[in-house]
Structure formats: structure tokens, C-alpha cells
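These notes concern the structure reproduced below.
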Amino acid sequence: MEDDWHWQLRNNILKKEGKIMNYGEFGGQYVPQELKEKLQEIESEFERAKKDENFIEEYLYYLKQYVGRPTPLYYAKNLSKYVGGAKIYLKREDLNHTGAHKINNAIGQVLIAKRMNKTHIIAETGAGQHGVATATVCALFNIKCTIFMGKEDIERQKVNVEKIKMLGANVHEVSSGEGTLKEAVDEAFEYLIKHQDVFYLIGSAVGPSPYPEMVKFFQKIIGEEAKKQILEQENKLPSAIVACIGGGSNSIGLFADFIKEKNVDIYGVEGAGKGLNTGKHASAMYNNKIGIIHGMKTYAMQNDNGELMNAYSISAGLDYPGIGPEHAYLKSIGRVKYDTITDEEAVKAFKLLCKLEGIIPALESSHAIAYACKIAKNYKPIDVIIVNLSGRGDKDMEIIINKL
Ligand SMILES: Cc1ncc(COP(=O)(O)O)c(C=O)c1O
């Protein structure tokens with residue numbers, strides 16, 4: 001086990017224990033008192049778990065033996081040649097069990113829930129990936145599971161809905177508002193407040209503290225692996241890294257270990273939907289409006305009266321009107337550049353990756369690929385760009401078929 005570098009990441013994680021992060025003016029706990037008490041319990045358990053070597057070992061055991069980590073860092077030679085400019089590498093989170101990065105966090109949080117003796121796990125899902133990941137870990141650990149999912153998303157992601165049910169979980173249809181992720185999160189929080197035995201397993205780096213910190217903790221393995229792998233393959237750090245952003249978990253997972261590397265450019269890509277000026281988009285940062293959403297202070301899509309607006313993107317996983325508070329902070333200090341990609345551009349990148357590399361990407365990840373293709377020309381051929389391929393596209397086949 002000693003010479004297995006993946007296993008040695010355990011030490012890395014243990015070294016990084018510490019206090020809950022403060023994100024400047026962003027983040028916090030904008031929630032009712034009843035919820036604050038529950039959050040305090042979760043925070044205390046999370047802090048204890050981080051310092052518990054057995055916990056970290058168990059988490060890494062499941063990532064390795066059950067999820068299939070480490071995921072490869074693959075040099076997309078054909079794509080790089082076609083696009084011109086920097087060498088594009090793909091961090092293959094699509095090869096994880098259940099098809100996306102969401103399982104990294106689901107494994108971590110279900111282990112926290114077990115430590116807290118919770119008997120019922122609830123989760124929200126948009127694209128269905130987090131719903132599948134949560135239903136999967138609940139099956140694995142024999143825990144009752146309910147997935148809150150918007151009516152619209154149930155329609156868009158039929159295959160994942162069937163998978164969730166097959167794994168033994170219940171799907172709770174949310175029909176309020178637009179019937180998407182935002183409403184599913186609202187109802188899940190209401191349910192949590194009312195039930196004692198429940199643990200809410202949040203799927204992105206959003207929500208009141210300690211959720212953004214906890215999700216980052218369980219996703220930062222993506223960047224830790226990628227850094228080690230690129231040093232092995234190229235003997236240097238990348239010039240840039242790119243990830244798509246719904247709430248911000250795959251991106252913060254990739255970014256975490258690179259934030260301190262001053263020479264690495266970091267790009268976060270939101271969904272521009274049908275175009276930023278059409279109002280049909282999913283960019284929380286466009287317009288620079290700060291507000292409160294799902295218990296956190298962050299950038300959020302709001303109308304002139306400060307009311308939250310509904311997001312739109314062809315990819316259900318990007319269809320969220322807020323963004324994790326650490327991203328808001330990283331934008332405010334200028335460390336990460338946040339930009340957008342339209343539905344059209346994402347679909348084009350989707351087709352390109354299928355044809356050139358034989359990889360069918362998730363529509364969410366296609367946004368990051370499209371952006372990497374755009375910026376590759378700004379770099380030299382000796383430069384390296386790492387793109388997080390956050391998930392596989394099987395779940396999106398119906399949408400793509402209809403679109404084409
Ligand atoms: C494959 C994939 N990528 C990206 C996302 C966006 O979420 P996040 O920003 O939390 O990574 C999702 C969300 O469902 C997803 O399924």
C-alpha cells in the first residue's frame with residue numbers, strides 16, 4: 001500500500017484539517033434557528049471526521065475500490081490537434097462508477113450520516129446524477145433514501161429517474177415554481193427541518209455552512225490527483241484549468257489544489273443557455289447581483305426587484321440560479337475568471353468530442369470543453385490545459401437526439 005500514491009493522498013488530506021473557511025462577505029448560514037442547530041451537529045461531526053484517520057481511510061477505500069479512483073488524466077491528442085494551441089488534457093470523472101464526479105461527495109457524506117446514526121437520507125437532484133449517486137450509496141449502506149426532483153427535470157432525465165428507483169430510492173416530485181433544481185432544494189430543506197432522523201446529502205458546493213466546505217473537502221481529490229498526474233506526464237503544472245459550474249462542486253474540486261499556484265490560470269464556465277441577453281440562461285454571475293439563496297450569500301440571478309429568477313440551460317446540471325460561495329469569493333478577489341458558454345456552443349463541443357476522441361461527454365462537461373477549445377489558441381503548443389470532464393453523456397442522449 002505504501003508505494004500507492006493514491007493511497008498516500010490520505011496524508012495530504014489529514015494535513016489540511018482546520019477551521020471552517022470564511023469566504024469574505026459570502027457564504028454564511030441564512031437559515032431559521034431550527035436549521036442552525038442541525039447544521040451545528042453536522043459541522044461538529046464533519047470536523048471530528050476530518051481528523052479521524054479511520055474515517056479518511058474508509059472514504060478513500062470506497063473511492064478506490066467502489067468508485068474506481070484514481071480517474072485517468074487523458075491527453076486528448078486529436079482534439080488538441082484539431083483546435084490548435086495548447087495541449088488539452090481531460091480529467092476523466094466520467095469514468096467514475098455512476099458516471100460523474102457526484103459519487104465522490106456522496107460517499108463522503110453518507111459516511112458522515114452513518115457516524116451521526118441517521119436512518120433516512122434525502123437529496124436534491126437536477127440532472128439526476130447526484131440523485132443516482134445518492135441512491136447508489138444508500139443502497140450500498142442500506143439506508144432509506146428519498147430524492148427530491150423538479151417535475152421538469154423528471155421529464156428531462158427519465159433514464160436517471162428510473163435508475164434512482166431501481167436502486168431502491170423514492171423520487172419525490174417537486175412541482176412548485178418552475179419545477180427545477182431550485183425548488184427541489186427548497187423542499188428538501190423544509191423536509192430536513194421537520195424530520196429528526198434525516199440527513200440532507202447536498203450534491204453541490206452550495207447551501208449554508210458547512211455544506212460548501214464539506215462538498216469541497218470530498219471533491220478536492222479531483223485536483224489533487226490531476227496535479228500529481230500532470231507532473232508525472234508533463235513534468236510541469238498546467239497553464240490553465242477549466243471546469244463547468246452548476247453549483248460549483250466539480251469545479252471547486254478541480255480548482256482547490258491549484259488556487260495557490262499563481263501561474264495557473266483558472267476558468268469557471270457557467271451556462272449561457274440561449275444567450276445572456278435573452279434572459280434564458282444559468283449565469284449567476286452575469287449582472288453581478290449578490291443575494292441570499294438556499295441559506296448562503298452569493299451571486300444569484302435576480303430581477304430588478306431582487307427576486308430570484310429561474311435559470312435555464314440545455315443541461316439540467318447547470319440549471320441553477322446561484323453559485324457556491326467560494327466561487328463568489330474567488331471572483332471577488334480576481335483569482336478565477338468566470339465566463340459562459342451557450343447551449344449551441346456546448347452541443348458543438350459535445351459532437352466534437354464524440355467524433356474526435358470517441359468520448360460521449362455530459363452536456364454539463366461539454367460547456368467546459370467548448371471553453372477550453374475557445375481559449376486553447378491563446379496558449380502556446382507547449383502549454384497544457386486541463387479540463388474536468390465531469391460526467392458522461394448517456395443521460396443526455398434523448399436531449400441530444402431531439403436537438404439534432
Ligand atoms: C456531469 C455533471 N457535471 C456538472 C454538474 C454541475 O454540478 P457542479 O457545479 O456541482 O459540479 C452536474 C450536476 O448535476 C453534472 O451532473
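In the C-alpha cells, chains take letters A, B, ... by order of appearance, with residues numbered from 1 within each chain and ligands from 1 in the order shown.
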
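When DSSP reads the backbone of this structure, the residues of region 128-218 of chain A it assigns to strand (DSSP E) are A:Lys144, A:Cys145, A:Thr146, A:Ile147, A:Phe148, A:Met149, A:Gly150, A:Asn170, A:Val171, A:His172, A:Glu173, A:Val174, A:Val198, A:Phe199, A:Tyr200.
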
Output file for the selection above: C-alpha atoms, as a CSV table (one decimal), in the first residue's frame:
chain,number,residue,atom,x,y,z
A,144,LYS,CA,-33.6,4.7,3.3
A,145,CYS,CA,-33.4,7.3,0.6
A,146,THR,CA,-35.7,10.0,-0.9
A,147,ILE,CA,-34.6,12.1,-3.9
A,148,PHE,CA,-36.3,15.5,-4.4
A,149,MET,CA,-36.5,16.3,-8.1
A,150,GLY,CA,-38.3,19.0,-10.0
A,170,ASN,CA,-38.1,7.1,-3.7
A,171,VAL,CA,-38.4,10.0,-6.1
A,172,HIS,CA,-40.3,12.9,-4.6
A,173,GLU,CA,-41.7,15.1,-7.4
A,174,VAL,CA,-41.5,18.9,-6.8
A,198,VAL,CA,-33.0,12.7,8.3
A,199,PHE,CA,-29.6,13.7,6.8
A,200,TYR,CA,-29.6,16.0,3.8

Task: For region 36-40 of chain A: contacts at 8 Å, only C-alpha atoms, fewer than 6 positions along chain excluded, given as a count of residues only - done: 3

Using only C-alpha atoms, what table do you get, as a tab-separated table, when you list each residue of region 190-301 of chain A with an atom no more than 10 Å from region 95-102 of chain A, its nearest pair of atoms, and their distance in Å rounded to one decimal, rows by chain then rising number?
residue	atom	partner	partner_atom	distance
A:Gly203	CA	A:Lys102	CA	6.7
A:Ser204	CA	A:Lys102	CA	8.1
A:Val215	CA	A:Lys102	CA	9.6
A:Phe218	CA	A:Lys102	CA	9.6
A:Gln219	CA	A:His101	CA	7.7
A:Ile222	CA	A:His101	CA	8.4
A:Ser249	CA	A:Lys102	CA	8.2
A:Asn250	CA	A:His101	CA	6.5
A:Gly253	CA	A:His101	CA	9.1

Residue selection dump (C-alpha atoms) as a compact mmCIF listing (two decimals), in the first residue's frame:
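Result file out_6.txt:
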# COMPACT_ATOMS: atom_id res chain seq x y z
CA GLY A 203 -24.84 17.48 -4.10
CA SER A 204 -23.03 20.72 -4.87
CA VAL A 215 -18.55 19.19 -0.50
CA PHE A 218 -14.89 15.43 -0.64
CA GLN A 219 -14.32 16.71 -4.19
CA ILE A 222 -10.08 15.58 -8.37
CA SER A 249 -18.67 21.18 -6.93
CA ASN A 250 -16.69 19.60 -9.78
CA GLY A 253 -12.87 20.03 -6.62

Open item on the list: Among region 146-281 of chain A, which ones does DSSP assign to helix (DSSP H, G or I) (computed from the backbone)? Answer as a PyMOL selection string.
Closed with: chain A and resi 151-156+158-166+181-194+211-219+221-234+249-255+276-278

Please identify the residues whose atoms come within 7 Å of ligand 1, using only C-alpha atoms and all ligand atoms, and report them as a compact mmCIF listing (two decimals) with N, CA and C atoms, in the first residue's frame.
# COMPACT_ATOMS: atom_id res chain seq x y z
N ALA A 100 -20.23 10.15 -13.04
CA ALA A 100 -19.90 11.56 -12.84
C ALA A 100 -19.15 11.74 -11.52
N HIS A 101 -18.73 12.98 -11.28
CA HIS A 101 -17.98 13.29 -10.06
C HIS A 101 -18.83 13.23 -8.80
N THR A 125 -31.86 16.70 -6.78
CA THR A 125 -31.08 16.45 -7.99
C THR A 125 -31.66 17.23 -9.16
N GLY A 126 -30.78 17.63 -10.06
CA GLY A 126 -31.22 18.34 -11.26
C GLY A 126 -31.07 17.41 -12.44
N ALA A 127 -29.82 17.16 -12.82
CA ALA A 127 -29.54 16.27 -13.95
C ALA A 127 -29.83 14.81 -13.59
N GLY A 128 -30.00 14.54 -12.31
CA GLY A 128 -30.23 13.16 -11.89
C GLY A 128 -28.95 12.47 -11.46
N GLN A 129 -27.79 13.03 -11.81
CA GLN A 129 -26.51 12.39 -11.47
C GLN A 129 -26.32 12.29 -9.97
N HIS A 130 -26.63 13.39 -9.26
CA HIS A 130 -26.47 13.36 -7.81
C HIS A 130 -27.53 12.45 -7.19
N GLY A 203 -25.66 17.97 -3.00
CA GLY A 203 -24.84 17.48 -4.10
C GLY A 203 -23.89 18.49 -4.71
N SER A 204 -23.97 19.76 -4.29
CA SER A 204 -23.03 20.72 -4.87
C SER A 204 -22.45 21.58 -3.75
N ALA A 205 -21.48 22.42 -4.13
CA ALA A 205 -20.77 23.21 -3.12
C ALA A 205 -21.58 24.45 -2.75
N CYS A 244 -16.83 23.27 -15.67
CA CYS A 244 -18.18 23.87 -15.76
C CYS A 244 -18.73 24.09 -14.36
N ILE A 245 -19.74 24.98 -14.27
CA ILE A 245 -20.30 25.29 -12.95
C ILE A 245 -21.82 25.27 -12.96
N GLY A 246 -22.37 24.36 -12.13
CA GLY A 246 -23.80 24.42 -11.84
C GLY A 246 -23.89 25.14 -10.50
N GLY A 247 -23.65 24.38 -9.42
CA GLY A 247 -23.50 24.99 -8.10
C GLY A 247 -22.03 25.19 -7.79
N GLY A 248 -21.18 24.37 -8.42
CA GLY A 248 -19.74 24.59 -8.29
C GLY A 248 -18.95 23.48 -7.63
N SER A 249 -19.43 22.21 -7.65
CA SER A 249 -18.67 21.18 -6.93
C SER A 249 -17.55 20.54 -7.74
N ASN A 250 -17.79 20.22 -9.02
CA ASN A 250 -16.69 19.60 -9.78
C ASN A 250 -15.59 20.64 -9.99
N SER A 251 -16.01 21.90 -10.15
CA SER A 251 -15.03 22.97 -10.38
C SER A 251 -14.19 23.23 -9.13
N ALA A 316 -29.38 20.07 -17.50
CA ALA A 316 -30.10 20.20 -16.23
C ALA A 316 -29.15 20.47 -15.06
N GLY A 317 -27.93 19.96 -15.14
CA GLY A 317 -26.99 20.13 -14.03
C GLY A 317 -26.44 21.54 -13.89
N LEU A 318 -26.59 22.35 -14.93
CA LEU A 318 -26.11 23.74 -14.85
C LEU A 318 -27.26 24.70 -14.55
N ALA A 362 -20.99 14.47 -20.85
CA ALA A 362 -22.25 15.05 -20.35
C ALA A 362 -22.39 16.45 -20.95
N GLU A 364 -23.19 19.05 -19.40
CA GLU A 364 -22.57 19.99 -18.46
C GLU A 364 -21.09 20.13 -18.83
N SER A 365 -20.42 18.98 -18.90
CA SER A 365 -18.97 18.97 -19.19
C SER A 365 -18.68 19.56 -20.58
N SER A 390 -16.57 16.25 -16.26
CA SER A 390 -17.26 15.91 -15.01
C SER A 390 -18.19 14.71 -15.09
N GLY A 391 -18.67 14.39 -16.32
CA GLY A 391 -19.58 13.24 -16.40
C GLY A 391 -19.76 12.75 -17.82
N ARG A 392 -20.38 11.58 -17.92
CA ARG A 392 -20.60 11.01 -19.26
C ARG A 392 -21.99 11.38 -19.79

TODO: For region 273-281 of chain A, please output as a count of residues only all residues within 12 Å (counting only C-alpha atoms; exclusion window: fewer than 4 positions along the same chain).
DONE: 33

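Interatomic distance, CA of His327 (chain A) against CA of Tyr23 (chain A): 8.8 Å.
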
Open item on the list: My list of candidates is A:Val161, A:Ile143, A:Ile122, A:Ala169. Which is closest to Ala188 (chain A) when distances are computed with only C-alpha atoms?
Closed with: A:Ile122

TODO: Tell me which of A:Glu53, A:Asp383, A:Asp197, A:Glu155 sits closest to Ile230 (chain A), counting only C-alpha atoms.
DONE: A:Asp383

Open item on the list: So that I can check the surroundings of Ile221 (chain A), please list as a PyMOL selection string every protein, DNA and RNA residue that reaches within 9 Å of it, counting only C-alpha atoms and ignoring chain neighbours fewer than 2 positions away.
Closed with: chain A and resi 9+13+70+104+217-219+223-226+253-254+256-257

Task: For Val185 (chain A): contacts at 8 Å, only C-alpha atoms, fewer than 3 positions along chain excluded, given as a PyMOL selection string - done: chain A and resi 124+148+181-182+188-189+294

Open item on the list: Quick one: residues within 10 Å of Gly306 (chain A), only C-alpha atoms, excluding same-chain residues fewer than 6 positions away - as JSON, numbers by chain?
Closed with: {"A": [289, 290, 291, 292, 300]}

I need the residues from that last selection saved to file as a PDB file, in the first residue's frame (with N, CA and C atoms), if you can.
ATOM      1  N   LYS A 289     -25.119  40.443  -9.334  1.00  0.00           N
ATOM      2  CA  LYS A 289     -26.077  40.699  -8.252  1.00  0.00           C
ATOM      3  C   LYS A 289     -25.863  39.718  -7.106  1.00  0.00           C
ATOM      4  N   ILE A 290     -25.700  40.281  -5.905  1.00  0.00           N
ATOM      5  CA  ILE A 290     -25.483  39.440  -4.723  1.00  0.00           C
ATOM      6  C   ILE A 290     -26.796  39.304  -3.969  1.00  0.00           C
ATOM      7  N   GLY A 291     -27.096  38.115  -3.501  1.00  0.00           N
ATOM      8  CA  GLY A 291     -28.342  37.914  -2.763  1.00  0.00           C
ATOM      9  C   GLY A 291     -28.239  36.673  -1.888  1.00  0.00           C
ATOM     10  N   ILE A 292     -29.375  36.313  -1.285  1.00  0.00           N
ATOM     11  CA  ILE A 292     -29.415  35.114  -0.432  1.00  0.00           C
ATOM     12  C   ILE A 292     -30.189  34.040  -1.175  1.00  0.00           C
ATOM     13  N   ALA A 300     -26.430  35.632  -7.407  1.00  0.00           N
ATOM     14  CA  ALA A 300     -27.633  34.884  -7.774  1.00  0.00           C
ATOM     15  C   ALA A 300     -28.402  35.653  -8.840  1.00  0.00           C
TER      16      ALA A 300
END

- [ ] Extract, using only C-alpha atoms, all DNA, RNA and protein residues at most 8 Å from Val336 (chain A), discarding same-chain residues fewer than 4 positions from it, and format them as a list of chain:residue names.
- [x] A:Asp265, A:Ile266, A:Tyr267, A:Gly268, A:His327, A:Leu330, A:Lys331
